[in-house]
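Asker: Here you go, upload39.tsv (TSV, C-alpha atoms and all ligand atoms):
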```
chain	number	residue	atom	x	y	z
A	1	MET	CA	-6.09	-35.24	16.39
A	2	GLU	CA	-6.72	-31.55	16.92
A	3	ASN	CA	-10.21	-30.66	15.85
A	4	LEU	CA	-10.78	-27.07	16.83
A	5	SER	CA	-13.75	-24.93	15.84
A	6	ASP	CA	-13.45	-22.49	12.95
A	7	ARG	CA	-14.29	-19.81	15.50
A	8	ILE	CA	-11.08	-20.31	17.42
A	9	LYS	CA	-8.99	-21.04	14.35
A	10	ASN	CA	-10.04	-17.74	12.80
A	11	MET	CA	-9.50	-15.73	15.97
A	12	SER	CA	-6.31	-13.72	16.19
A	13	GLU	CA	-4.39	-13.89	19.44
A	14	SER	CA	-4.41	-10.72	21.56
A	15	ALA	CA	-1.23	-8.99	20.33
A	16	THR	CA	-0.83	-7.01	23.55
A	17	LEU	CA	-0.96	-10.11	25.72
A	18	ALA	CA	1.17	-12.15	23.29
A	19	MET	CA	3.94	-9.55	23.38
A	20	ALA	CA	3.71	-9.32	27.17
A	21	ALA	CA	4.07	-13.11	27.36
A	22	LYS	CA	7.12	-12.97	25.09
A	23	ALA	CA	8.71	-10.29	27.30
A	24	ARG	CA	7.98	-12.42	30.37
A	25	GLU	CA	9.68	-15.39	28.69
A	26	PHE	CA	12.80	-13.33	27.99
A	27	LYS	CA	12.85	-12.20	31.62
A	28	GLU	CA	12.50	-15.77	32.88
A	29	ASN	CA	15.57	-16.60	30.82
A	30	GLY	CA	17.51	-13.92	32.64
A	31	ILE	CA	17.33	-11.30	29.87
A	32	ASP	CA	16.75	-7.78	31.09
A	33	VAL	CA	13.77	-6.82	28.93
A	34	ILE	CA	12.08	-3.46	29.36
A	35	SER	CA	8.43	-4.16	28.80
A	36	LEU	CA	6.55	-1.31	27.16
A	37	SER	CA	4.07	-3.59	25.45
A	38	LEU	CA	1.30	-4.04	27.96
A	39	GLY	CA	-0.93	-1.12	28.85
A	40	GLU	CA	-0.65	-1.58	32.57
A	41	PRO	CA	-0.12	1.09	35.24
A	42	ASP	CA	3.19	0.58	37.05
A	43	PHE	CA	1.60	1.96	40.23
A	44	LYS	CA	0.17	-0.15	43.02
A	45	THR	CA	-3.56	-0.09	43.66
A	46	PRO	CA	-4.06	2.83	46.11
A	47	LYS	CA	-3.87	1.76	49.76
A	48	HIS	CA	-7.43	2.77	50.69
A	49	ILE	CA	-8.80	0.51	47.93
A	50	GLN	CA	-6.70	-2.38	49.20
A	51	GLU	CA	-8.08	-1.65	52.67
A	52	GLY	CA	-11.63	-1.77	51.24
A	53	ALA	CA	-10.95	-5.30	50.00
A	54	LYS	CA	-9.43	-6.38	53.32
A	55	ALA	CA	-12.38	-4.95	55.25
A	56	ALA	CA	-14.76	-6.88	52.98
A	57	ILE	CA	-12.98	-10.13	53.81
A	58	ASP	CA	-13.02	-9.33	57.51
A	59	GLU	CA	-16.75	-8.59	57.40
A	60	ASN	CA	-17.10	-12.29	56.69
A	61	LYS	CA	-20.16	-11.90	54.49
A	62	TYR	CA	-18.95	-11.51	50.92
A	63	PHE	CA	-18.11	-15.10	50.11
A	64	ALA	CA	-21.29	-16.17	48.30
A	65	TYR	CA	-22.30	-15.60	44.66
A	66	PRO	CA	-23.07	-11.92	44.14
A	67	PRO	CA	-25.95	-10.92	41.84
A	68	VAL	CA	-24.84	-11.53	38.23
A	69	ASN	CA	-24.85	-7.82	37.32
A	70	GLY	CA	-23.10	-6.76	40.56
A	71	TYR	CA	-24.03	-5.76	44.13
A	72	LEU	CA	-26.85	-3.23	44.23
A	73	ASP	CA	-24.88	-0.72	46.35
A	74	LEU	CA	-22.02	-0.89	43.84
A	75	ARG	CA	-24.36	-0.37	40.89
A	76	LYS	CA	-25.86	2.61	42.74
A	77	ALA	CA	-22.36	4.02	43.28
A	78	ILE	CA	-21.64	3.57	39.56
A	79	CYS	CA	-24.83	5.49	38.75
A	80	ASP	CA	-23.67	8.30	41.07
A	81	LYS	CA	-20.26	8.31	39.39
A	82	PHE	CA	-21.85	8.45	35.92
A	83	LYS	CA	-24.06	11.34	37.00
A	84	LYS	CA	-21.37	13.34	38.77
A	85	GLU	CA	-18.45	12.83	36.41
A	86	ASN	CA	-20.10	12.23	33.06
A	87	ASN	CA	-23.53	13.81	33.30
A	88	LEU	CA	-25.09	10.47	32.40
A	89	ASP	CA	-28.41	9.39	33.89
A	90	TYR	CA	-28.53	5.67	34.57
A	91	THR	CA	-30.49	3.60	37.08
A	92	PRO	CA	-28.95	0.53	38.77
A	93	ASP	CA	-30.80	-1.88	36.45
A	94	GLN	CA	-28.89	-0.25	33.56
A	95	ILE	CA	-25.51	-1.18	35.03
A	96	VAL	CA	-23.70	-4.49	34.56
A	97	VAL	CA	-20.42	-5.14	36.37
A	98	SER	CA	-18.15	-7.63	34.58
A	99	ASN	CA	-14.75	-9.29	34.70
A	100	GLY	CA	-12.94	-6.37	33.11
A	101	ALA	CA	-14.05	-3.95	30.42
A	102	LYS	CA	-12.99	-6.61	27.91
A	103	GLN	CA	-15.81	-8.84	29.09
A	104	SER	CA	-18.18	-5.87	29.07
A	105	ILE	CA	-17.34	-5.31	25.38
A	106	ILE	CA	-17.77	-8.97	24.48
A	107	ASN	CA	-21.09	-9.12	26.38
A	108	VAL	CA	-22.34	-6.15	24.37
A	109	MET	CA	-21.14	-7.52	21.02
A	110	LEU	CA	-22.80	-10.89	21.68
A	111	SER	CA	-25.97	-9.08	22.72
A	112	LEU	CA	-26.23	-6.80	19.69
A	113	ILE	CA	-24.62	-8.48	16.70
A	114	ASN	CA	-26.22	-10.99	14.35
A	115	PRO	CA	-24.07	-12.83	11.79
A	116	GLY	CA	-23.28	-10.44	8.95
A	117	ASP	CA	-24.04	-7.25	10.87
A	118	GLU	CA	-21.47	-4.52	10.40
A	119	VAL	CA	-19.80	-2.66	13.24
A	120	ILE	CA	-17.89	0.49	12.40
A	121	VAL	CA	-14.60	0.69	14.24
A	122	PHE	CA	-12.70	3.95	14.54
A	123	SER	CA	-9.17	2.97	13.60
A	124	PRO	CA	-6.52	2.79	15.04
A	125	TYR	CA	-8.46	0.76	17.58
A	126	TRP	CA	-7.82	-1.42	20.58
A	127	VAL	CA	-6.83	-4.95	19.53
A	128	SER	CA	-9.78	-6.80	21.02
A	129	TYR	CA	-12.59	-4.81	19.34
A	130	THR	CA	-12.32	-6.61	16.02
A	131	ALA	CA	-11.86	-10.00	17.71
A	132	ALA	CA	-15.02	-9.40	19.77
A	133	ILE	CA	-17.00	-8.39	16.67
A	134	GLU	CA	-15.81	-11.46	14.81
A	135	LEU	CA	-16.61	-13.70	17.76
A	136	ALA	CA	-20.19	-12.46	17.40
A	137	GLU	CA	-19.92	-13.21	13.65
A	138	GLY	CA	-20.15	-9.53	12.80
A	139	ILE	CA	-18.05	-7.69	10.25
A	140	PRO	CA	-15.69	-4.94	11.42
A	141	VAL	CA	-15.70	-1.94	9.07
A	142	LEU	CA	-12.73	0.34	9.70
A	143	ILE	CA	-12.72	4.09	9.31
A	144	LYS	CA	-9.23	5.39	9.64
A	145	GLY	CA	-7.76	8.55	11.15
A	146	SER	CA	-4.31	9.67	9.98
A	147	ILE	CA	-1.43	10.76	12.17
A	148	GLU	CA	-1.76	14.29	10.74
A	149	ASP	CA	-5.30	14.44	12.18
A	150	ASP	CA	-4.26	12.97	15.50
A	151	PHE	CA	-5.52	9.61	14.25
A	152	LYS	CA	-9.13	10.75	14.64
A	153	ALA	CA	-11.64	9.51	12.08
A	154	THR	CA	-14.38	12.03	11.40
A	155	ALA	CA	-18.17	12.20	11.40
A	156	GLU	CA	-18.02	12.50	7.58
A	157	GLN	CA	-16.12	9.22	7.34
A	158	LEU	CA	-18.66	7.64	9.65
A	159	LYS	CA	-21.54	8.85	7.50
A	160	GLU	CA	-19.95	7.36	4.39
A	161	ALA	CA	-19.30	4.00	6.04
A	162	ILE	CA	-22.88	3.41	7.24
A	163	THR	CA	-24.85	0.81	5.27
A	164	PRO	CA	-28.22	-0.85	5.95
A	165	LYS	CA	-26.22	-3.58	7.74
A	166	THR	CA	-24.53	-1.24	10.20
A	167	LYS	CA	-25.60	-2.11	13.73
A	168	ALA	CA	-23.17	-0.21	15.91
A	169	ILE	CA	-20.00	1.82	16.12
A	170	ILE	CA	-17.15	1.55	18.61
A	171	PHE	CA	-14.33	3.84	19.62
A	172	SER	CA	-12.28	4.72	22.68
A	173	SER	CA	-11.61	8.24	23.92
A	174	PRO	CA	-8.96	8.76	25.23
A	175	CYS	CA	-7.85	6.28	22.62
A	176	ASN	CA	-5.86	3.12	23.02
A	177	PRO	CA	-3.44	3.02	21.09
A	178	THR	CA	-3.09	6.65	19.94
A	179	GLY	CA	-3.83	8.69	23.06
A	180	SER	CA	-6.18	10.90	21.03
A	181	VAL	CA	-9.13	12.51	22.76
A	182	PHE	CA	-12.38	13.43	21.03
A	183	THR	CA	-13.60	16.90	21.96
A	184	LYS	CA	-17.22	17.52	22.85
A	185	GLU	CA	-17.68	19.26	19.51
A	186	GLU	CA	-16.31	16.27	17.61
A	187	LEU	CA	-18.56	13.93	19.57
A	188	GLU	CA	-21.55	16.14	18.79
A	189	LYS	CA	-20.87	15.75	15.09
A	190	ILE	CA	-20.60	11.98	15.48
A	191	ALA	CA	-23.83	11.97	17.52
A	192	GLU	CA	-25.62	13.91	14.79
A	193	VAL	CA	-24.79	11.15	12.28
A	194	VAL	CA	-25.81	8.42	14.73
A	195	LEU	CA	-29.13	10.08	15.54
A	196	ALA	CA	-29.93	10.34	11.85
A	197	HIS	CA	-29.81	6.52	11.61
A	198	GLU	CA	-32.55	4.78	13.54
A	199	GLY	CA	-31.36	2.00	15.82
A	200	LEU	CA	-27.64	2.64	15.32
A	201	MET	CA	-25.86	2.06	18.64
A	202	VAL	CA	-22.61	3.50	19.99
A	203	MET	CA	-20.14	1.63	22.17
A	204	SER	CA	-18.13	4.31	23.87
A	205	ASP	CA	-15.06	2.92	25.61
A	206	GLU	CA	-14.10	5.45	28.27
A	207	ILE	CA	-11.74	3.37	30.37
A	208	TYR	CA	-8.98	6.01	30.08
A	209	GLU	CA	-11.29	8.91	31.01
A	210	HIS	CA	-9.21	9.98	34.01
A	211	ILE	CA	-5.91	9.86	32.13
A	212	ASN	CA	-6.71	12.93	30.10
A	213	TYR	CA	-4.35	15.90	29.77
A	214	SER	CA	-6.64	18.04	27.64
A	215	GLY	CA	-9.06	19.10	30.36
A	216	ALA	CA	-12.55	17.75	30.67
A	217	HIS	CA	-13.51	14.30	29.46
A	218	ALA	CA	-16.59	14.26	27.24
A	219	SER	CA	-19.05	11.35	27.13
A	220	ILE	CA	-21.05	10.90	23.93
A	221	GLY	CA	-23.96	9.50	25.95
A	222	ALA	CA	-24.42	12.90	27.60
A	223	ILE	CA	-25.26	14.58	24.29
A	224	PRO	CA	-29.03	15.18	24.03
A	225	GLY	CA	-30.79	12.16	22.54
A	226	MET	CA	-27.77	9.87	22.88
A	227	ILE	CA	-28.41	8.15	26.22
A	228	ASP	CA	-30.73	5.63	24.53
A	229	ARG	CA	-28.21	4.98	21.78
A	230	THR	CA	-25.06	4.62	23.86
A	231	ILE	CA	-23.40	1.86	25.82
A	232	THR	CA	-20.85	3.56	28.04
A	233	ILE	CA	-18.00	1.19	28.84
A	234	ASN	CA	-15.66	1.80	31.73
A	235	GLY	CA	-13.62	-0.06	34.32
A	236	MET	CA	-11.16	0.18	37.17
A	237	ALA	CA	-7.94	-1.04	35.56
A	238	LYS	CA	-6.40	2.13	34.21
A	239	GLY	CA	-7.46	5.11	36.33
A	240	PHE	CA	-7.24	3.21	39.61
A	241	ALA	CA	-4.28	0.92	38.84
A	242	MET	CA	-6.47	-2.15	39.31
A	243	THR	CA	-5.67	-4.27	36.24
A	244	GLY	CA	-5.49	-7.57	38.15
A	245	TRP	CA	-8.76	-7.04	39.99
A	246	ARG	CA	-10.67	-7.42	36.73
A	247	VAL	CA	-13.54	-4.99	37.12
A	248	GLY	CA	-15.31	-3.46	34.15
A	249	TYR	CA	-18.82	-2.09	33.86
A	250	ILE	CA	-21.35	-0.64	31.46
A	251	GLY	CA	-24.16	1.84	31.63
A	252	ALA	CA	-26.64	1.04	28.88
A	253	PRO	CA	-30.27	1.16	27.82
A	254	THR	CA	-32.20	-1.36	29.94
A	255	TRP	CA	-32.74	-3.80	27.05
A	256	VAL	CA	-28.96	-3.97	26.45
A	257	ALA	CA	-28.13	-4.26	30.15
A	258	LYS	CA	-30.68	-7.09	30.53
A	259	ALA	CA	-29.14	-8.96	27.59
A	260	CYS	CA	-25.62	-8.55	28.99
A	261	ASN	CA	-26.84	-9.80	32.36
A	262	LYS	CA	-28.31	-12.87	30.61
A	263	ILE	CA	-25.13	-13.65	28.70
A	264	GLN	CA	-22.94	-13.11	31.72
A	265	GLY	CA	-25.21	-15.44	33.71
A	266	GLN	CA	-24.33	-18.21	31.29
A	267	LEU	CA	-20.66	-17.39	30.88
A	268	THR	CA	-19.00	-16.26	34.09
A	269	SER	CA	-21.71	-15.18	36.55
A	270	ALA	CA	-20.84	-12.18	38.66
A	271	ASN	CA	-17.49	-10.51	39.02
A	272	CYS	CA	-15.44	-11.50	42.12
A	273	SER	CA	-17.18	-10.33	45.31
A	274	ILE	CA	-14.09	-8.86	46.96
A	275	ALA	CA	-13.05	-7.00	43.79
A	276	GLN	CA	-16.54	-5.48	43.74
A	277	ARG	CA	-16.21	-4.29	47.35
A	278	ALA	CA	-12.80	-2.77	46.55
A	279	THR	CA	-14.42	-1.01	43.59
A	280	LEU	CA	-17.12	0.39	45.85
A	281	THR	CA	-14.40	1.91	48.05
A	282	ALA	CA	-12.65	3.35	44.99
A	283	LEU	CA	-15.78	4.94	43.58
A	284	THR	CA	-16.99	6.40	46.87
A	285	THR	CA	-13.75	8.08	47.94
A	286	ASP	CA	-12.01	11.01	46.35
A	287	LEU	CA	-9.96	10.74	43.20
A	288	GLY	CA	-6.75	12.00	44.86
A	289	PRO	CA	-4.48	9.06	43.92
A	290	THR	CA	-5.94	8.96	40.39
A	291	VAL	CA	-5.16	12.64	39.93
A	292	GLU	CA	-1.60	12.14	41.22
A	293	MET	CA	-1.02	9.18	38.90
A	294	THR	CA	-2.31	11.21	35.96
A	295	LYS	CA	0.08	14.06	36.80
A	296	GLU	CA	2.93	11.57	36.68
A	297	TYR	CA	1.72	10.12	33.36
A	298	LYS	CA	1.65	13.63	31.93
A	299	ARG	CA	5.22	14.25	33.02
A	300	ARG	CA	6.26	11.02	31.33
A	301	ARG	CA	4.23	11.86	28.24
A	302	ASP	CA	6.19	15.10	27.86
A	303	LEU	CA	9.49	13.34	28.46
A	304	VAL	CA	8.80	10.49	26.03
A	305	TYR	CA	7.55	12.93	23.37
A	306	ASP	CA	10.91	14.72	23.50
A	307	LEU	CA	12.87	11.49	23.49
A	308	LEU	CA	10.90	9.89	20.64
A	309	ASN	CA	11.28	12.98	18.52
A	310	LYS	CA	15.03	12.44	18.67
A	311	VAL	CA	14.82	8.87	17.36
A	312	PRO	CA	15.73	9.13	13.66
A	313	GLY	CA	12.86	8.16	11.37
A	314	PHE	CA	10.10	8.09	14.01
A	315	LYS	CA	7.08	10.31	13.40
A	316	THR	CA	5.02	11.01	16.50
A	317	ASN	CA	1.89	12.97	17.35
A	318	MET	CA	1.22	14.47	20.77
A	319	PRO	CA	-1.22	12.22	22.67
A	320	GLU	CA	-3.70	13.99	24.92
A	321	GLY	CA	-4.66	11.04	27.06
A	322	ALA	CA	-4.16	7.34	27.96
A	323	PHE	CA	-0.51	6.28	28.29
A	324	TYR	CA	0.60	5.30	24.81
A	325	PHE	CA	2.61	6.65	21.91
A	326	PHE	CA	1.90	5.31	18.46
A	327	PRO	CA	4.80	6.44	16.29
A	328	ASP	CA	4.90	5.88	12.55
A	329	VAL	CA	8.04	3.86	11.87
A	330	SER	CA	7.49	3.19	8.17
A	331	SER	CA	10.71	5.03	7.22
A	332	TYR	CA	12.50	1.82	8.29
A	333	PHE	CA	10.53	-0.48	6.01
A	334	GLY	CA	12.68	-2.06	3.31
A	335	LYS	CA	15.92	-1.22	5.14
A	336	SER	CA	18.55	-3.85	5.95
A	337	ASN	CA	21.56	-3.88	8.24
A	338	GLY	CA	23.10	-6.75	6.30
A	339	GLU	CA	21.68	-9.32	8.70
A	340	THR	CA	18.04	-8.31	9.21
A	341	THR	CA	15.61	-6.68	6.81
A	342	ILE	CA	12.74	-4.68	8.27
A	343	ASN	CA	9.73	-5.30	6.07
A	344	ASP	CA	7.02	-4.08	8.41
A	345	ALA	CA	6.19	-2.98	11.96
A	346	SER	CA	6.13	-6.58	13.22
A	347	ASP	CA	9.71	-7.09	11.99
A	348	LEU	CA	10.72	-3.88	13.72
A	349	CYS	CA	9.13	-4.95	17.02
A	350	LEU	CA	10.77	-8.38	16.89
A	351	TYR	CA	14.13	-6.82	16.02
A	352	LEU	CA	13.84	-4.39	18.95
A	353	LEU	CA	12.87	-7.18	21.32
A	354	ASP	CA	15.80	-9.30	20.15
A	355	LYS	CA	18.48	-6.63	19.91
A	356	ALA	CA	17.39	-3.84	22.24
A	357	HIS	CA	15.46	-6.02	24.69
A	358	VAL	CA	12.54	-3.63	24.60
A	359	SER	CA	9.06	-5.03	24.03
A	360	LEU	CA	6.53	-3.01	22.03
A	361	VAL	CA	3.43	-3.96	20.04
A	362	THR	CA	3.11	-3.86	16.27
A	363	GLY	CA	0.57	-1.39	14.87
A	364	ASP	CA	-0.97	-4.09	12.62
A	365	ALA	CA	-2.85	-5.34	15.65
A	366	PHE	CA	-4.41	-1.89	16.10
A	367	GLY	CA	-5.25	-1.31	12.44
A	368	ASP	CA	-2.19	0.71	11.37
A	369	PRO	CA	0.69	-1.34	9.98
A	370	ASN	CA	2.96	1.72	9.76
A	371	CYS	CA	3.05	2.21	13.51
A	372	ILE	CA	4.19	0.60	16.73
A	373	ARG	CA	2.69	1.11	20.20
A	374	LEU	CA	4.78	2.09	23.19
A	375	SER	CA	3.24	2.21	26.66
A	376	TYR	CA	4.78	4.84	28.93
A	377	ALA	CA	3.19	3.40	32.06
A	378	ALA	CA	6.75	2.64	33.19
A	379	SER	CA	9.38	4.35	35.32
A	380	GLU	CA	11.30	7.34	33.95
A	381	GLU	CA	14.51	5.35	34.28
A	382	ASN	CA	13.13	2.49	32.19
A	383	LEU	CA	11.65	4.85	29.62
A	384	ARG	CA	14.97	6.68	29.15
A	385	GLU	CA	16.91	3.44	28.98
A	386	ALA	CA	14.42	1.85	26.55
A	387	ILE	CA	14.57	4.76	24.11
A	388	THR	CA	18.37	4.85	24.28
A	389	ARG	CA	18.42	1.14	23.48
A	390	ILE	CA	15.93	1.60	20.63
A	391	THR	CA	18.01	4.42	19.14
A	392	ASP	CA	21.22	2.39	19.39
A	393	ALA	CA	19.66	-0.73	17.86
A	394	LEU	CA	18.17	1.25	14.97
A	395	SER	CA	21.42	3.08	14.24
A	396	ALA	CA	22.46	-0.03	12.29
A	397	PHE	CA	19.83	0.96	9.69
A	398	ASN	CA	20.58	4.68	9.46
A	401	LIG	N1	-5.76	-2.93	27.53
A	401	LIG	C1	-4.38	-3.17	27.77
A	401	LIG	C2	-3.55	-2.99	26.53
A	401	LIG	O1	-4.04	-2.57	25.53
A	401	LIG	C3	-4.18	-4.48	28.46
A	401	LIG	C4	-3.95	-5.68	27.63
A	401	LIG	C5	-5.16	-6.20	26.94
A	401	LIG	O2	-6.05	-6.68	27.60
A	401	LIG	O3	-5.16	-6.06	25.71
A	401	LIG	O4	-2.38	-3.23	26.57
```
Would you mind giving the structure from this file in structure tokens?
Ligand code: GLU
Answerer:
Amino acid sequence: MENLSDRIKNMSESATLAMAAKAREFKENGIDVISLSLGEPDFKTPKHIQEGAKAAIDENKYFAYPPVNGYLDLRKAICDKFKKENNLDYTPDQIVVSNGAKQSIINVMLSLINPGDEVIVFSPYWVSYTAAIELAEGIPVLIKGSIEDDFKATAEQLKEAITPKTKAIIFSSPCNPTGSVFTKEELEKIAEVVLAHEGLMVMSDEIYEHINYSGAHASIGAIPGMIDRTITINGMAKGFAMTGWRVGYIGAPTWVAKACNKIQGQLTSANCSIAQRATLTALTTDLGPTVEMTKEYKRRRDLVYDLLNKVPGFKTNMPEGAFYFFPDVSSYFGKSNGETTINDASDLCLYLLDKAHVSLVTGDAFGDPNCIRLSYAASEENLREAITRITDALSAFN
């Protein structure tokens, strides 16, 4: 007899990973699926980072448990990175290195949230934020940005959503899934609201910071007064094409970092030693490969913007960062081709997977049921082919 906990029964599956698994299944059955569902760089980890990992193995001394929060020299390098690139002042005891930014986020949620506490989530949001809040028995409160405003919720919306139960807020900039980037001025307005509420904490997910086409990345923690109110979340997966290495980290007030260290000590212990050494190489050498990858993403962004604008019924904004488009596809809802009726974005995604063999993720999972997410971290050839297939498959409804 299955007798699972309510916790797991109530948890929604990660929609990004579920769709990636479905695409993998199709491929294993010999179907040529173009996978644009998972947000995963299609580049290899830069050679010098690979070499850093190999050298660490050859040094023959990185096989034991590392300190739970990460090697000291790595945490120092992360402090230097935060100072140099983000103007954030952290000391090594304020850094915790984890198994991916996803674990960093869950560590923080479990450290801050009591049952019934509210966490304000800027929506559209990354799929795992709400799951992490709910795991900590908190209540996600969504404030929603519209496509006309580049999907960016405002400081005014934040102010209205705050109640005596609000413990924290979370957002990503550049944003997964919309590609929107908060300007420094917008962050200042958000910070003003936060600072007016004693104890309110900000989780600022900056994992796409390098994939930014709008110029400088702004960190909310660098705004005067905010360093004590901000947990800056980052990781190696996106900017350094290191998804499989599983390295995330936070910079946080000491009391938060200590709590995350304690939780991680009971859950997973430290992140893999060799992945940490590779990360040290990545953070102490120049950003050349990251800059080159970003140039390529920008080229693809421009290409996909043009192509998506030609798909009948798709409404698209111009993302300024990350590697996603989040088109509104609601013009298809209620339409039938005689065989299939598209009731919502999930139906559309399943139809496109089935008929066009292109995998995408439904916007429901990101808080906007009118949209679908397309990752353009794929080759130009695949992107062109995918959008041709999408257009052809949808022509049955036009
Ligand atoms: N963050 C990526 C995405 O949104 C990777 C998958 C995941 O962990 O959700 O697709």
Asker: Go through chain A residue by residue and, counting all atoms listed in the file, keep those with an atom at most 6 Å from ligand LIG 401 (chain A); for each kept residue give the shortest atom pair and its distance in Å to one decimal, ordered by chain and increasing number, as JSON lines.
Answerer:
```
{"residue": "A:Thr16", "atom": "CA", "partner": "A:LIG401", "partner_atom": "O3", "distance": 4.9}
{"residue": "A:Leu17", "atom": "CA", "partner": "A:LIG401", "partner_atom": "C4", "distance": 5.7}
{"residue": "A:Leu38", "atom": "CA", "partner": "A:LIG401", "partner_atom": "O4", "distance": 4.0}
{"residue": "A:Gly39", "atom": "CA", "partner": "A:LIG401", "partner_atom": "O4", "distance": 3.4}
```
Asker: Around (5.6, -10.1, 18.1), as given in the file, which residues come within 7 Å? Count all atoms listed in the file and list them as a compact mmCIF listing (two decimals) with C-alpha atoms, in the coordinates of the input.
Answerer:
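Written out: out-v8.txt:
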```txt
# COMPACT_ATOMS: atom_id res chain seq x y z
CA MET A 19 3.94 -9.55 23.38
CA SER A 346 6.13 -6.58 13.22
CA CYS A 349 9.13 -4.95 17.02
CA LEU A 350 10.77 -8.38 16.89
CA VAL A 361 3.43 -3.96 20.04
CA THR A 362 3.11 -3.86 16.27
```
Asker: Determine the nearest neighbour of Met293 of chain A from the options A:Asn212, A:Ser395, A:Asn176, A:Ser331, counting all atoms listed in the file.
Answerer: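 Smallest separation from Met293 of chain A among the options: A:Asn212.
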Asker: So how far away is atom CA of Ser111 of chain A from atom CA of His197 of chain A, in Å?
Answerer: 19.5 Å
Asker: With distances taken over only C-alpha atoms, which residue among A:Ser379, A:Thr45, A:Thr284, A:Gln103 lies nearest Leu267 of chain A?
Answerer: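 For Leu267 of chain A, the nearest of the candidates is A:Gln103.
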Asker: Tell me which of A:Phe82, A:Phe325, A:Phe366, A:Phe314 sits closest to Ile390 of chain A, counting only C-alpha atoms.
Answerer: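 Ranking A:Phe82, A:Phe325, A:Phe366, A:Phe314 by distance to Ile390 of chain A, first place goes to A:Phe314.
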Asker: Give me the residues near segment 143-156 of chain A as a ChimeraX atom specification, where near means some atom within 10 Å (using all atoms listed in the file) and where sequence neighbours in that chain fewer than 3 positions away do not count.
Answerer: /A:120-125,140,159-161,171,173,175,177-182,186-194,315-320,326-328,367-368,371
Asker: Counting all atoms listed in the file, which residues have an atom no more than 12 Å from (-24.8, 0.7, 42.6) in the file's coordinates? Please list them as JSON, numbers by chain.
Answerer: {"A": [67, 69, 70, 71, 72, 73, 74, 75, 76, 77, 78, 79, 80, 81, 82, 90, 91, 92, 93, 94, 95, 96, 97, 249, 250, 251, 276, 277, 279, 280, 281, 283, 284]}
Asker: Contacts of Lys310 of chain A at 12 Å or less, counting only C-alpha atoms, minus same-chain residues fewer than 2 places along, as a JSON list (two decimals) with C-alpha atoms, in the frame of the given file?
Answerer:
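This went into result-v2.json:
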```json
[["chain", "number", "residue", "atom", "x", "y", "z"],
["A", 303, "LEU", "CA", 9.49, 13.34, 28.46],
["A", 304, "VAL", "CA", 8.80, 10.49, 26.03],
["A", 305, "TYR", "CA", 7.55, 12.93, 23.37],
["A", 306, "ASP", "CA", 10.91, 14.72, 23.50],
["A", 307, "LEU", "CA", 12.87, 11.49, 23.49],
["A", 308, "LEU", "CA", 10.90, 9.89, 20.64],
["A", 312, "PRO", "CA", 15.73, 9.13, 13.66],
["A", 313, "GLY", "CA", 12.86, 8.16, 11.37],
["A", 314, "PHE", "CA", 10.10, 8.09, 14.01],
["A", 315, "LYS", "CA", 7.08, 10.31, 13.40],
["A", 316, "THR", "CA", 5.02, 11.01, 16.50],
["A", 384, "ARG", "CA", 14.97, 6.68, 29.15],
["A", 387, "ILE", "CA", 14.57, 4.76, 24.11],
["A", 388, "THR", "CA", 18.37, 4.85, 24.28],
["A", 390, "ILE", "CA", 15.93, 1.60, 20.63],
["A", 391, "THR", "CA", 18.01, 4.42, 19.14],
["A", 392, "ASP", "CA", 21.22, 2.39, 19.39]]
```
Asker: Using all atoms listed in the file, which protein or nucleic acid residues come within 9 Å of Arg229 of chain A? Drop anything in the same chain fewer than 5 positions from it, and give the result as a PyMOL selection string.
Answerer: chain A and resi 194-195+199-203+221+252-253
Asker: Place N, CA and C atoms on segment 141-149 of chain A and deliver the coordinates as a tab-separated table (two decimals), in the coordinates of the input.
Answerer:
```tsv
chain	number	residue	atom	x	y	z
A	141	VAL	N	-15.92	-2.87	10.19
A	141	VAL	CA	-15.70	-1.94	9.07
A	141	VAL	C	-14.86	-0.79	9.63
A	142	LEU	N	-13.65	-0.63	9.11
A	142	LEU	CA	-12.73	0.34	9.70
A	142	LEU	C	-12.85	1.70	9.04
A	143	ILE	N	-12.90	2.74	9.85
A	143	ILE	CA	-12.72	4.09	9.31
A	143	ILE	C	-11.47	4.64	9.98
A	144	LYS	N	-10.58	5.18	9.16
A	144	LYS	CA	-9.23	5.39	9.64
A	144	LYS	C	-8.87	6.87	9.80
A	145	GLY	N	-8.29	7.20	10.94
A	145	GLY	CA	-7.76	8.55	11.15
A	145	GLY	C	-6.26	8.53	10.87
A	146	SER	N	-5.75	9.64	10.30
A	146	SER	CA	-4.31	9.67	9.98
A	146	SER	C	-3.56	10.39	11.09
A	147	ILE	N	-2.26	10.15	11.11
A	147	ILE	CA	-1.43	10.76	12.17
A	147	ILE	C	-1.52	12.29	12.11
A	148	GLU	N	-1.66	12.83	10.90
A	148	GLU	CA	-1.76	14.29	10.74
A	148	GLU	C	-3.02	14.83	11.44
A	149	ASP	N	-4.06	14.02	11.50
A	149	ASP	CA	-5.30	14.44	12.18
A	149	ASP	C	-5.41	13.81	13.55
```
